[in-house]
$ cat coords_20.cif   # mmCIF, C-alpha atoms and all ligand atoms
data_model
loop_
_atom_site.label_atom_id
_atom_site.label_comp_id
_atom_site.auth_asym_id
_atom_site.auth_seq_id
_atom_site.Cartn_x
_atom_site.Cartn_y
_atom_site.Cartn_z
CA MET P 1 0.00 0.00 0.00
CA ARG P 2 2.75 2.45 1.05
CA PRO P 3 4.69 2.24 -2.29
CA LEU P 4 1.42 2.82 -4.20
CA LEU P 5 0.34 5.82 -2.15
CA PHE P 6 3.61 7.70 -2.63
CA PRO P 7 3.36 8.35 -6.42
CA LEU P 8 -0.39 8.94 -6.18
CA GLU P 9 -0.05 11.53 -3.44
CA ALA P 10 2.96 13.10 -5.16
CA LEU P 11 0.86 13.59 -8.30
CA VAL P 12 -2.12 15.08 -6.48
CA TYR P 13 -0.60 16.99 -3.53
CA GLY P 14 3.03 17.40 -4.58
CA PRO P 15 6.30 15.64 -3.62
CA PRO P 16 6.77 17.24 -0.15
CA TYR P 17 3.33 16.08 1.05
CA ALA P 18 3.83 12.60 -0.38
CA GLY P 19 7.37 12.37 0.98
CA LEU P 20 6.28 13.31 4.50
CA GLN P 21 3.37 10.88 4.51
CA ASN P 22 5.69 8.19 3.25
CA LEU P 23 8.11 8.85 6.11
CA ILE P 24 5.33 8.90 8.70
CA ARG P 25 3.89 5.62 7.39
CA SER P 26 7.23 3.90 7.86
CA PRO P 27 6.63 0.75 9.94
CA GLU P 28 9.83 1.52 11.90
CA PRO P 29 10.56 4.58 14.06
CA LEU P 30 12.47 7.07 11.91
CA GLU P 31 16.17 7.55 12.48
CA ALA P 32 16.61 11.01 14.00
CA GLU P 33 19.55 12.77 12.34
CA SER P 34 18.92 11.52 8.79
CA THR P 35 15.26 12.62 9.07
CA TRP P 36 16.28 16.06 10.26
CA GLU P 37 18.85 16.36 7.46
CA LEU P 38 16.44 15.07 4.81
CA ILE P 39 13.77 17.61 5.71
CA THR P 40 15.85 20.67 6.53
CA GLY P 41 18.74 20.17 4.08
CA GLU P 42 19.10 22.05 0.80
CA LYS P 43 17.35 20.41 -2.16
CA PRO P 44 18.30 20.40 -5.86
CA ALA P 45 17.03 23.43 -7.77
CA LEU P 46 14.81 21.29 -10.03
CA TYR P 47 13.10 19.68 -7.02
CA ASN P 48 12.46 23.13 -5.52
CA LEU P 49 11.03 24.34 -8.81
CA VAL P 50 8.58 21.43 -9.04
CA CYS P 51 7.60 21.69 -5.37
CA GLY P 52 7.10 25.43 -5.63
CA HIS P 53 4.49 24.97 -8.32
CA TRP P 54 2.78 21.72 -7.39
CA PRO P 55 -0.17 21.46 -6.83
CA LEU P 56 -0.71 23.93 -9.69
CA TRP P 57 -2.11 27.29 -8.55
CA PRO P 58 -5.78 26.73 -9.69
CA LEU P 59 -5.86 23.37 -7.85
CA ARG P 60 -4.25 24.60 -4.65
CA TRP P 61 -7.33 26.00 -2.86
CA PRO P 62 -9.78 23.26 -4.01
CA LEU P 63 -7.39 20.55 -2.79
CA LEU P 64 -6.81 22.36 0.45
CA TYR P 65 -10.55 22.91 0.98
CA ALA P 66 -11.20 19.22 0.37
CA LYS P 67 -8.62 18.37 3.04
CA MET P 68 -9.93 21.06 5.39
CA LYS P 69 -13.36 19.40 5.38
CA GLN P 70 -11.77 17.29 8.11
CA ASP P 71 -13.35 18.46 11.32
CA HIS P 72 -11.49 21.49 12.69
CA VAL P 73 -12.35 20.83 16.33
CA LEU P 74 -11.53 17.13 16.11
CA GLY P 75 -8.32 18.01 14.26
CA ILE P 76 -7.16 20.17 17.16
CA ALA P 77 -8.12 17.54 19.72
CA ALA P 78 -6.28 14.91 17.64
CA HIS P 79 -3.07 16.96 17.85
CA TYR P 80 -3.23 17.83 21.56
CA ASP P 81 -4.93 14.78 23.03
CA VAL P 82 -2.08 12.41 22.18
CA SER P 83 -1.28 12.02 25.90
CA ASN P 84 -0.01 14.52 28.45
CA GLU P 85 2.89 12.26 29.35
CA PHE P 86 4.00 12.17 25.71
CA TYR P 87 4.22 15.98 25.65
CA GLU P 88 6.08 15.95 28.97
CA LEU P 89 8.85 14.03 27.22
CA PHE P 90 9.89 16.96 25.04
CA LEU P 91 8.46 20.20 26.50
CA ASP P 92 10.13 22.19 29.29
CA LYS P 93 9.48 20.73 32.73
CA LYS P 94 8.57 23.87 34.63
CA TYR P 95 5.78 25.35 32.46
CA MET P 96 5.07 22.83 29.68
CA PHE P 97 4.89 25.59 27.09
CA TYR P 98 4.10 24.25 23.64
CA THR P 99 5.10 27.50 21.97
CA CYS P 100 8.24 29.29 20.82
CA ALA P 101 10.76 30.12 23.59
CA ASP P 102 13.27 32.98 23.70
CA PHE P 103 16.85 31.77 23.20
CA ASN P 104 18.23 35.28 23.66
CA ARG P 105 21.91 34.34 23.97
CA GLY P 106 21.67 31.17 21.96
CA ASP P 107 23.22 28.83 24.52
CA GLU P 108 20.34 28.69 27.02
CA THR P 109 18.59 25.48 27.96
CA LEU P 110 14.97 25.07 26.88
CA GLU P 111 13.97 25.64 30.52
CA GLU P 112 15.78 29.00 30.61
CA ALA P 113 14.47 30.02 27.21
CA GLN P 114 10.86 29.29 28.21
CA GLN P 115 11.39 31.31 31.39
CA ASN P 116 12.65 34.21 29.22
CA LYS P 117 9.52 33.95 27.08
CA ALA P 118 7.19 33.77 30.10
CA ASP P 119 8.86 36.89 31.57
CA PHE P 120 8.69 38.72 28.25
CA ILE P 121 4.98 38.02 27.83
CA LEU P 122 4.31 38.85 31.48
CA LYS P 123 5.64 42.36 30.78
CA MET P 124 3.35 42.63 27.76
CA ILE P 125 0.31 41.58 29.79
CA ASP P 126 1.41 43.59 32.86
CA PRO P 127 -1.26 41.97 35.07
CA ASN P 128 -2.55 43.19 38.42
CA PRO P 129 -4.46 41.28 41.10
CA GLY P 130 -8.21 41.56 40.57
CA GLN P 131 -7.96 41.93 36.79
CA LYS P 132 -10.04 39.47 34.83
CA ILE P 133 -7.76 37.75 32.35
CA LEU P 134 -8.59 35.18 29.67
CA GLU P 135 -6.20 33.01 27.67
CA LEU P 136 -7.46 31.70 24.32
CA GLY P 137 -5.93 28.25 23.81
CA CYS P 138 -4.34 27.89 27.24
CA GLY P 139 -2.61 24.53 26.74
CA TRP P 140 -1.41 23.14 30.06
CA GLY P 141 -1.90 26.50 31.77
CA SER P 142 1.76 27.57 31.40
CA MET P 143 1.32 31.34 31.08
CA LEU P 144 -1.57 31.40 33.54
CA ARG P 145 0.85 29.88 36.06
CA ARG P 146 3.40 32.62 35.40
CA ILE P 147 0.72 35.31 35.88
CA HIS P 148 -0.45 33.65 39.08
CA GLN P 149 3.13 33.60 40.44
CA HIS P 150 3.23 37.36 39.82
CA THR P 151 -0.20 38.48 41.07
CA GLY P 152 -1.13 35.73 43.52
CA ASP P 153 -4.65 35.92 42.09
CA LYS P 154 -6.04 32.64 40.78
CA GLU P 155 -9.77 33.32 40.75
CA ASN P 156 -9.67 35.80 37.89
CA LEU P 157 -7.57 33.67 35.58
CA HIS P 158 -9.57 31.96 32.85
CA GLY P 159 -8.57 29.70 29.98
CA ILE P 160 -10.16 27.97 27.02
CA THR P 161 -8.89 24.88 25.23
CA LEU P 162 -10.18 22.27 22.83
CA SER P 163 -8.22 19.51 24.50
CA LYS P 164 -9.96 17.41 27.15
CA GLU P 165 -6.56 16.14 28.33
CA GLN P 166 -5.48 19.74 29.00
CA VAL P 167 -8.67 20.52 30.94
CA ALA P 168 -8.06 17.44 33.11
CA TYR P 169 -4.40 18.44 33.61
CA ASN P 170 -5.43 21.95 34.67
CA ASP P 171 -8.04 20.64 37.12
CA GLU P 172 -5.48 18.33 38.67
CA HIS P 173 -2.44 20.65 38.78
CA ASN P 174 -3.46 24.32 38.48
CA GLY P 175 -7.05 25.03 39.45
CA PHE P 176 -7.62 27.97 37.06
CA GLN P 177 -11.05 28.48 35.49
CA VAL P 178 -10.33 26.41 32.38
CA GLU P 179 -13.20 25.44 30.08
CA PHE P 180 -13.44 23.07 27.16
CA ASP P 181 -14.80 25.37 24.45
CA ASP P 182 -14.08 26.74 20.99
CA PHE P 183 -12.84 30.31 21.31
CA ILE P 184 -13.78 30.98 17.69
CA THR P 185 -17.49 30.12 17.92
CA ARG P 186 -17.91 31.13 21.59
CA GLN P 187 -20.26 34.00 22.49
CA TYR P 188 -18.46 36.48 24.77
CA GLU P 189 -20.16 38.71 27.33
CA PRO P 190 -19.51 42.37 26.41
CA GLU P 191 -16.72 44.31 28.17
CA THR P 192 -15.83 41.47 30.54
CA TYR P 193 -12.05 41.10 30.46
CA ASP P 194 -9.24 43.49 31.34
CA THR P 195 -6.89 41.47 29.16
CA ILE P 196 -7.32 38.67 26.67
CA PHE P 197 -4.19 36.94 25.46
CA SER P 198 -3.29 34.08 23.23
CA ILE P 199 0.02 32.24 22.80
CA GLY P 200 0.32 29.94 19.82
CA ALA P 201 -3.39 29.31 19.31
CA TRP P 202 -4.21 31.92 16.66
CA GLU P 203 -2.53 29.62 14.14
CA HIS P 204 -5.72 27.55 14.26
CA VAL P 205 -7.94 30.47 13.26
CA ARG P 206 -8.68 30.11 9.58
CA PRO P 207 -8.37 33.18 7.32
CA LYS P 208 -12.13 33.79 7.00
CA GLU P 209 -12.53 33.69 10.80
CA VAL P 210 -9.83 36.27 11.61
CA ALA P 211 -11.83 39.49 11.07
CA PRO P 212 -15.09 38.37 12.79
CA LEU P 213 -13.13 37.00 15.77
CA ALA P 214 -11.09 40.20 16.07
CA LYS P 215 -14.40 42.15 16.33
CA LYS P 216 -15.83 39.72 18.89
CA LEU P 217 -12.72 40.02 21.07
CA TYR P 218 -12.79 43.80 20.82
CA GLY P 219 -16.33 43.68 22.23
CA ALA P 220 -15.34 41.30 25.05
CA ILE P 221 -12.54 43.57 26.38
CA LYS P 222 -13.25 46.38 28.84
CA PRO P 223 -12.57 49.96 27.64
CA GLY P 224 -8.85 50.63 28.11
CA GLY P 225 -8.15 46.89 28.17
CA LYS P 226 -5.81 45.02 25.89
CA LEU P 227 -5.25 41.99 23.71
CA VAL P 228 -1.83 40.30 23.67
CA LYS P 229 -1.12 37.92 20.86
CA HIS P 230 1.86 35.62 20.22
CA PHE P 231 1.36 33.81 16.93
CA PHE P 232 2.98 32.77 13.72
CA CYS P 233 1.53 33.65 10.39
CA ARG P 234 2.19 33.30 6.72
CA VAL P 235 4.51 35.95 5.27
CA PRO P 236 3.33 35.74 1.61
CA ASP P 237 -0.32 36.71 1.06
CA ARG P 238 -0.59 34.04 -1.61
CA LEU P 239 -1.08 30.44 -0.57
CA PHE P 240 2.18 28.60 -1.35
CA ALA P 241 2.27 25.08 -2.77
CA THR P 242 3.57 23.26 0.31
CA ALA P 243 0.86 24.78 2.57
CA ILE P 244 -1.09 21.56 2.08
CA CYS P 245 1.50 19.79 4.29
CA SER P 246 -0.03 21.56 7.30
CA GLN P 247 -3.04 19.23 6.96
CA ILE P 248 -0.87 16.30 8.04
CA TYR P 249 -0.26 17.91 11.43
CA PHE P 250 -3.30 20.12 11.99
CA PRO P 251 -6.24 18.68 10.05
CA GLY P 252 -8.78 21.39 9.25
CA SER P 253 -6.52 24.32 10.25
CA ILE P 254 -4.69 26.74 7.97
CA GLY P 255 -2.78 29.85 9.02
CA SER P 256 -3.58 33.37 7.88
CA PRO P 257 -1.27 35.95 6.27
CA TYR P 258 0.42 38.64 8.39
CA ARG P 259 -1.13 41.55 6.51
CA ALA P 260 -4.65 40.15 6.84
CA ASN P 261 -4.16 40.05 10.62
CA VAL P 262 -2.99 43.67 10.81
CA LYS P 263 -5.99 44.79 8.74
CA ALA P 264 -8.50 42.74 10.74
CA PHE P 265 -7.34 43.98 14.16
CA GLU P 266 -7.01 47.60 13.13
CA GLU P 267 -10.44 47.54 11.50
CA ALA P 268 -11.90 45.99 14.66
CA GLY P 269 -10.68 49.12 16.50
CA PHE P 270 -7.44 47.94 18.13
CA ARG P 271 -4.22 49.98 18.10
CA ILE P 272 -1.14 47.79 17.79
CA VAL P 273 1.26 49.41 20.26
CA GLN P 274 4.04 46.81 20.42
CA ARG P 275 5.30 44.39 17.78
CA THR P 276 8.28 42.05 18.07
CA ILE P 277 9.57 39.20 15.90
CA HIS P 278 11.02 36.00 17.39
CA ASP P 279 12.95 32.99 16.12
CA TYR P 280 11.10 29.68 16.48
CA ARG P 281 13.91 27.50 15.13
CA PRO P 282 15.94 26.84 18.33
CA THR P 283 12.80 25.74 20.19
CA LEU P 284 11.87 23.31 17.42
CA ARG P 285 15.34 21.80 17.50
CA ALA P 286 15.24 21.51 21.32
CA TRP P 287 11.87 19.68 21.21
CA PHE P 288 13.21 17.38 18.50
CA ASP P 289 16.30 16.53 20.57
CA ASN P 290 14.21 15.90 23.68
CA LEU P 291 11.83 13.62 21.81
CA VAL P 292 14.73 11.65 20.36
CA ALA P 293 16.40 11.39 23.78
CA ASN P 294 13.14 9.92 25.13
CA ARG P 295 12.39 7.75 22.11
CA GLU P 296 11.94 4.51 24.03
CA ARG P 297 9.39 5.90 26.46
CA ALA P 298 7.65 7.78 23.63
CA LEU P 299 7.17 4.52 21.74
CA GLU P 300 5.60 2.95 24.82
CA LEU P 301 3.10 5.82 24.96
CA VAL P 302 2.21 6.29 21.28
CA ASP P 303 2.26 4.17 18.13
CA VAL P 304 5.12 4.36 15.68
CA HIS P 305 3.19 6.55 13.20
CA THR P 306 2.42 9.15 15.86
CA TYR P 307 6.09 9.15 16.88
CA ASN P 308 7.11 9.58 13.24
CA ARG P 309 4.56 12.36 12.76
CA TYR P 310 6.13 14.39 15.57
CA LEU P 311 9.66 13.56 14.48
CA THR P 312 8.87 15.09 11.08
CA PHE P 313 6.73 17.95 12.45
CA PHE P 314 9.65 19.73 14.13
CA PRO P 315 12.03 19.81 11.12
CA VAL P 316 9.15 20.68 8.74
CA SER P 317 8.28 23.66 10.94
CA TRP P 318 11.98 24.58 11.25
CA ARG P 319 12.23 24.66 7.45
CA TYR P 320 9.07 26.77 7.15
CA PHE P 321 10.63 29.48 9.35
CA ASP P 322 14.11 29.11 7.85
CA ASP P 323 12.66 29.66 4.37
CA GLY P 324 10.95 32.83 5.59
CA MET P 325 7.48 31.50 4.75
CA GLY P 326 6.29 31.99 8.32
CA MET P 327 7.04 34.59 10.98
CA LEU P 328 6.56 34.45 14.76
CA VAL P 329 5.31 37.76 16.13
CA ARG P 330 4.07 39.17 19.43
CA TRP P 331 1.68 42.09 19.57
CA VAL P 332 0.18 44.21 22.30
CA MET P 333 -3.07 45.79 21.13
CA GLU P 334 -5.03 48.40 23.03
CA LYS P 335 -8.75 48.89 22.86
CA ARG P 336 -9.24 52.49 21.78
C1 LIG O 401 0.22 25.26 20.56
S1 LIG O 401 -0.89 25.08 21.90
C2 LIG O 401 -0.38 26.44 22.89
C3 LIG O 401 -0.77 26.28 24.32
C4 LIG O 401 -0.29 27.37 25.28
N1 LIG O 401 -0.83 28.64 24.95
C5 LIG O 401 1.22 27.42 25.35
O1 LIG O 401 1.79 28.51 25.17
O2 LIG O 401 1.83 26.39 25.60
C6 LIG O 401 -2.45 25.64 21.22
C7 LIG O 401 -3.61 25.61 22.17
O3 LIG O 401 -4.73 26.24 21.54
C8 LIG O 401 -5.90 25.46 21.76
N2 LIG O 401 -6.84 25.78 20.67
C9 LIG O 401 -6.60 25.83 19.35
N3 LIG O 401 -7.70 26.21 18.68
C10 LIG O 401 -8.66 26.42 19.62
C11 LIG O 401 -10.01 26.83 19.58
N4 LIG O 401 -10.60 27.11 18.42
N5 LIG O 401 -10.69 26.96 20.73
C12 LIG O 401 -10.09 26.67 21.92
N6 LIG O 401 -8.80 26.29 22.03
C13 LIG O 401 -8.10 26.15 20.90
C14 LIG O 401 -5.41 24.03 21.81
O4 LIG O 401 -6.35 23.22 22.47
C15 LIG O 401 -4.11 24.23 22.59
O5 LIG O 401 -4.41 24.29 23.97
#

$ encode --input "coords_20.cif" --output "structure tokens" --more "lines below"
Ligand SMILES: C[S@@+](CC[C@H](N)C(=O)[O-])C[C@H]1O[C@@H](n2cnc3c(N)ncnc32)[C@H](O)[C@@H]1O
Amino acid sequence: MRPLLFPLEALVYGPPYAGLQNLIRSPEPLEAESTWELITGEKPALYNLVCGHWPLWPLRWPLLYAKMKQDHVLGIAAHYDVSNEFYELFLDKKYMFYTCADFNRGDETLEEAQQNKADFILKMIDPNPGQKILELGCGWGSMLRRIHQHTGDKENLHGITLSKEQVAYNDEHNGFQVEFDDFITRQYEPETYDTIFSIGAWEHVRPKEVAPLAKKLYGAIKPGGKLVKHFFCRVPDRLFATAICSQIYFPGSIGSPYRANVKAFEEAGFRIVQRTIHDYRPTLRAWFDNLVANRERALELVDVHTYNRYLTFFPVSWRYFDDGMGMLVRWVMEKR
């Protein structure tokens, strides 16, 4: 079956998609360094030319739409509900952030780099006790924990996630007000929150949902309140050929372009008062190394295809940022 699928998928979705699926379907766990090299290494010019144009432009959106018919909510759950212990094998121990860290010097450990990121975002949020704060896509409650350390206030910290495993983890370890809900379709009470923030969850908001959600969030924030957003987005406006590969890792999700985000938030009424750009690549490499170091335990927790999917996910994402297709940004936006 595997040898048959490869040429078929290469013809329809392009060689990178077919190549990745072929690697993931390997009956054996992938060898670490050769997989990293294969995915991140330079390719011959002819290969790049073919991959840059395949699927052909008129077919790109229809093929992507067909793939995106996969349930968005289930797709998110499928990615995050693998098992909490599996994620513990490669994320930092203190916070369990599943988002880009700040390797400011370059030689920090993942733990130190995630602490740098938590401190950086804390300054952006600048929380005070008594302020009602909501995180969209709160993961394992990492940033909520950092805010709680700072303010001592737990009652006013709220989070939303589409992962049941994360809700259970929060209830057991943190005790914040974390709900299982979809922050895109949710109805928000007007002028309820002093601050809404989101770290690495906006990537799941599809392009057509960006503007309506920006307006909804504007309405949910108190006058003078703010929205803090850490997210990566597509640099080119145009959908590039390899974008279809995202469906392997996040079925039903597709990122939005940077400029569309600026337009949507400014039109909703926000003023973007702080913008910074960050480098995701060292974090991806650190997660990859941690997963490889814990390969045996990982393979006790998940099947070989899931292991292979993650082992390819990190170098694929590394390549996406290295090629300048995606950009990791942090914004502070004020409600005017
Ligand atoms: C990459 S993780 C980031 C988690 C956390 N913010 C962190 O920094 O580690 C993305 C999170 O967004 C959540 N998420 C994605 N789309 C969502 C949606 N539409 N509604 C609610 N949660 C969502 C996922 O369940 C997950 O918790």

$ closest_residue --input "coords_20.cif" --among "P:Ile254, P:Ala77, P:Ala211, P:Leu30" --to "P:Gln166" --atoms "all atoms listed in the file"
P:Ala77

$ residues_around --input "coords_20.cif" --residues "P:Asn156" --least-positions-apart "3" --cutoff "9 Å" --atoms "all atoms listed in the file" --output "list of chain:residue names"
P:Pro129, P:Gly130, P:Gln131, P:Lys132, P:Ile133, P:Leu134, P:Asp153, P:Phe176, P:Gln177

$ atom_distance --input "coords_20.cif" --atom1 "atom CA of P:Ala113" --atom2 "atom CA of P:Arg281"
12.4 Å

$ closest_residue --input "coords_20.cif" --among "P:Leu122, P:Leu4, P:Leu46, P:Ile199" --to "ligand LIG 401 (chain O)" --atoms "all atoms listed in the file"
P:Ile199

$ residues_near_ligand --input "coords_20.cif" --ligand "ligand LIG 401 (chain O)" --cutoff "6 Å" --atoms "all atoms listed in the file" --output "list in words"
Phe97, Tyr98, Thr99, Gly137, Cys138, Gly139, Ser142, Ile160, Thr161, Leu162, Ser163, Asp181, Asp182, Phe183, Ile184, Ile199, Gly200, Ala201 and His204 of chain P

$ closest_residue --input "coords_20.cif" --among "P:Arg309, P:Gly175, P:Lys94, P:Phe314" --to "P:Asp289" --atoms "all atoms listed in the file"
P:Phe314

$ residues_around --input "coords_20.cif" --residues "P:Ile221" --least-positions-apart "6" --cutoff "7 Å" --atoms "only C-alpha atoms" --output "PDB file with C-alpha atoms, keeping the file's coordinate frame"
ATOM      1  CA  GLU P 191     -16.720  44.310  28.170  1.00  0.00           C
ATOM      2  CA  THR P 192     -15.830  41.470  30.540  1.00  0.00           C
ATOM      3  CA  TYR P 193     -12.050  41.100  30.460  1.00  0.00           C
ATOM      4  CA  ASP P 194      -9.240  43.490  31.340  1.00  0.00           C
ATOM      5  CA  THR P 195      -6.890  41.470  29.160  1.00  0.00           C
TER       6      THR P 195
END

$ closest_residue --input "coords_20.cif" --among "P:Pro29, P:Pro7, P:Gly75, P:Pro127" --to "P:Thr151" --atoms "only C-alpha atoms"
P:Pro127

$ residues_around --input "coords_20.cif" --residues "P:Glu9" --least-positions-apart "3" --cutoff "12 Å" --atoms "all atoms listed in the file" --output "list of chain:residue names"
P:Arg2, P:Pro3, P:Leu4, P:Leu5, P:Phe6, P:Val12, P:Tyr13, P:Gly14, P:Pro15, P:Pro16, P:Tyr17, P:Ala18, P:Gly19, P:Leu20, P:Gln21, P:Asn22, P:Trp54, P:Pro55, P:Leu63, P:Ile244, P:Cys245

$ atom_distance --input "coords_20.cif" --atom1 "atom CA of P:Glu135" --atom2 "atom CA of P:Pro223"
18.1 Å

$ decode --input "coords_20.cif" --residues "stretch 230-315 of chain P" --atoms "C-alpha atoms" --output "mmCIF file, in the first residue's frame"
data_model
loop_
_atom_site.group_PDB
_atom_site.id
_atom_site.type_symbol
_atom_site.label_atom_id
_atom_site.label_comp_id
_atom_site.auth_asym_id
_atom_site.auth_seq_id
_atom_site.Cartn_x
_atom_site.Cartn_y
_atom_site.Cartn_z
ATOM 1 C CA HIS P 230 1.859 35.623 20.219
ATOM 2 C CA PHE P 231 1.359 33.809 16.929
ATOM 3 C CA PHE P 232 2.978 32.766 13.719
ATOM 4 C CA CYS P 233 1.532 33.648 10.393
ATOM 5 C CA ARG P 234 2.191 33.299 6.715
ATOM 6 C CA VAL P 235 4.513 35.947 5.272
ATOM 7 C CA PRO P 236 3.334 35.745 1.613
ATOM 8 C CA ASP P 237 -0.316 36.715 1.061
ATOM 9 C CA ARG P 238 -0.591 34.044 -1.613
ATOM 10 C CA LEU P 239 -1.076 30.437 -0.574
ATOM 11 C CA PHE P 240 2.178 28.600 -1.350
ATOM 12 C CA ALA P 241 2.272 25.083 -2.771
ATOM 13 C CA THR P 242 3.572 23.259 0.312
ATOM 14 C CA ALA P 243 0.863 24.776 2.567
ATOM 15 C CA ILE P 244 -1.089 21.563 2.077
ATOM 16 C CA CYS P 245 1.496 19.787 4.285
ATOM 17 C CA SER P 246 -0.033 21.562 7.304
ATOM 18 C CA GLN P 247 -3.043 19.228 6.959
ATOM 19 C CA ILE P 248 -0.872 16.305 8.040
ATOM 20 C CA TYR P 249 -0.265 17.907 11.425
ATOM 21 C CA PHE P 250 -3.303 20.125 11.994
ATOM 22 C CA PRO P 251 -6.241 18.676 10.046
ATOM 23 C CA GLY P 252 -8.777 21.394 9.254
ATOM 24 C CA SER P 253 -6.523 24.321 10.255
ATOM 25 C CA ILE P 254 -4.693 26.738 7.972
ATOM 26 C CA GLY P 255 -2.785 29.850 9.022
ATOM 27 C CA SER P 256 -3.577 33.365 7.875
ATOM 28 C CA PRO P 257 -1.271 35.947 6.272
ATOM 29 C CA TYR P 258 0.415 38.636 8.388
ATOM 30 C CA ARG P 259 -1.129 41.550 6.513
ATOM 31 C CA ALA P 260 -4.651 40.150 6.842
ATOM 32 C CA ASN P 261 -4.158 40.052 10.622
ATOM 33 C CA VAL P 262 -2.990 43.672 10.809
ATOM 34 C CA LYS P 263 -5.986 44.787 8.738
ATOM 35 C CA ALA P 264 -8.505 42.738 10.737
ATOM 36 C CA PHE P 265 -7.340 43.982 14.159
ATOM 37 C CA GLU P 266 -7.014 47.600 13.128
ATOM 38 C CA GLU P 267 -10.442 47.542 11.504
ATOM 39 C CA ALA P 268 -11.899 45.994 14.657
ATOM 40 C CA GLY P 269 -10.677 49.118 16.501
ATOM 41 C CA PHE P 270 -7.435 47.944 18.132
ATOM 42 C CA ARG P 271 -4.224 49.978 18.099
ATOM 43 C CA ILE P 272 -1.142 47.786 17.790
ATOM 44 C CA VAL P 273 1.256 49.406 20.261
ATOM 45 C CA GLN P 274 4.035 46.811 20.422
ATOM 46 C CA ARG P 275 5.303 44.386 17.780
ATOM 47 C CA THR P 276 8.277 42.052 18.071
ATOM 48 C CA ILE P 277 9.574 39.200 15.899
ATOM 49 C CA HIS P 278 11.025 35.997 17.390
ATOM 50 C CA ASP P 279 12.947 32.995 16.117
ATOM 51 C CA TYR P 280 11.100 29.678 16.477
ATOM 52 C CA ARG P 281 13.915 27.495 15.135
ATOM 53 C CA PRO P 282 15.943 26.841 18.333
ATOM 54 C CA THR P 283 12.798 25.743 20.189
ATOM 55 C CA LEU P 284 11.870 23.309 17.424
ATOM 56 C CA ARG P 285 15.341 21.803 17.501
ATOM 57 C CA ALA P 286 15.241 21.514 21.318
ATOM 58 C CA TRP P 287 11.871 19.685 21.208
ATOM 59 C CA PHE P 288 13.211 17.382 18.502
ATOM 60 C CA ASP P 289 16.305 16.533 20.569
ATOM 61 C CA ASN P 290 14.211 15.903 23.680
ATOM 62 C CA LEU P 291 11.829 13.616 21.812
ATOM 63 C CA VAL P 292 14.733 11.649 20.357
ATOM 64 C CA ALA P 293 16.402 11.390 23.776
ATOM 65 C CA ASN P 294 13.141 9.920 25.133
ATOM 66 C CA ARG P 295 12.390 7.755 22.110
ATOM 67 C CA GLU P 296 11.942 4.509 24.031
ATOM 68 C CA ARG P 297 9.389 5.897 26.456
ATOM 69 C CA ALA P 298 7.648 7.777 23.626
ATOM 70 C CA LEU P 299 7.171 4.520 21.743
ATOM 71 C CA GLU P 300 5.601 2.950 24.816
ATOM 72 C CA LEU P 301 3.102 5.815 24.955
ATOM 73 C CA VAL P 302 2.207 6.288 21.278
ATOM 74 C CA ASP P 303 2.257 4.169 18.135
ATOM 75 C CA VAL P 304 5.125 4.362 15.683
ATOM 76 C CA HIS P 305 3.186 6.554 13.200
ATOM 77 C CA THR P 306 2.425 9.153 15.859
ATOM 78 C CA TYR P 307 6.092 9.147 16.880
ATOM 79 C CA ASN P 308 7.111 9.576 13.239
ATOM 80 C CA ARG P 309 4.556 12.356 12.761
ATOM 81 C CA TYR P 310 6.131 14.395 15.575
ATOM 82 C CA LEU P 311 9.656 13.559 14.476
ATOM 83 C CA THR P 312 8.866 15.094 11.084
ATOM 84 C CA PHE P 313 6.734 17.952 12.447
ATOM 85 C CA PHE P 314 9.655 19.728 14.127
ATOM 86 C CA PRO P 315 12.025 19.805 11.124
#
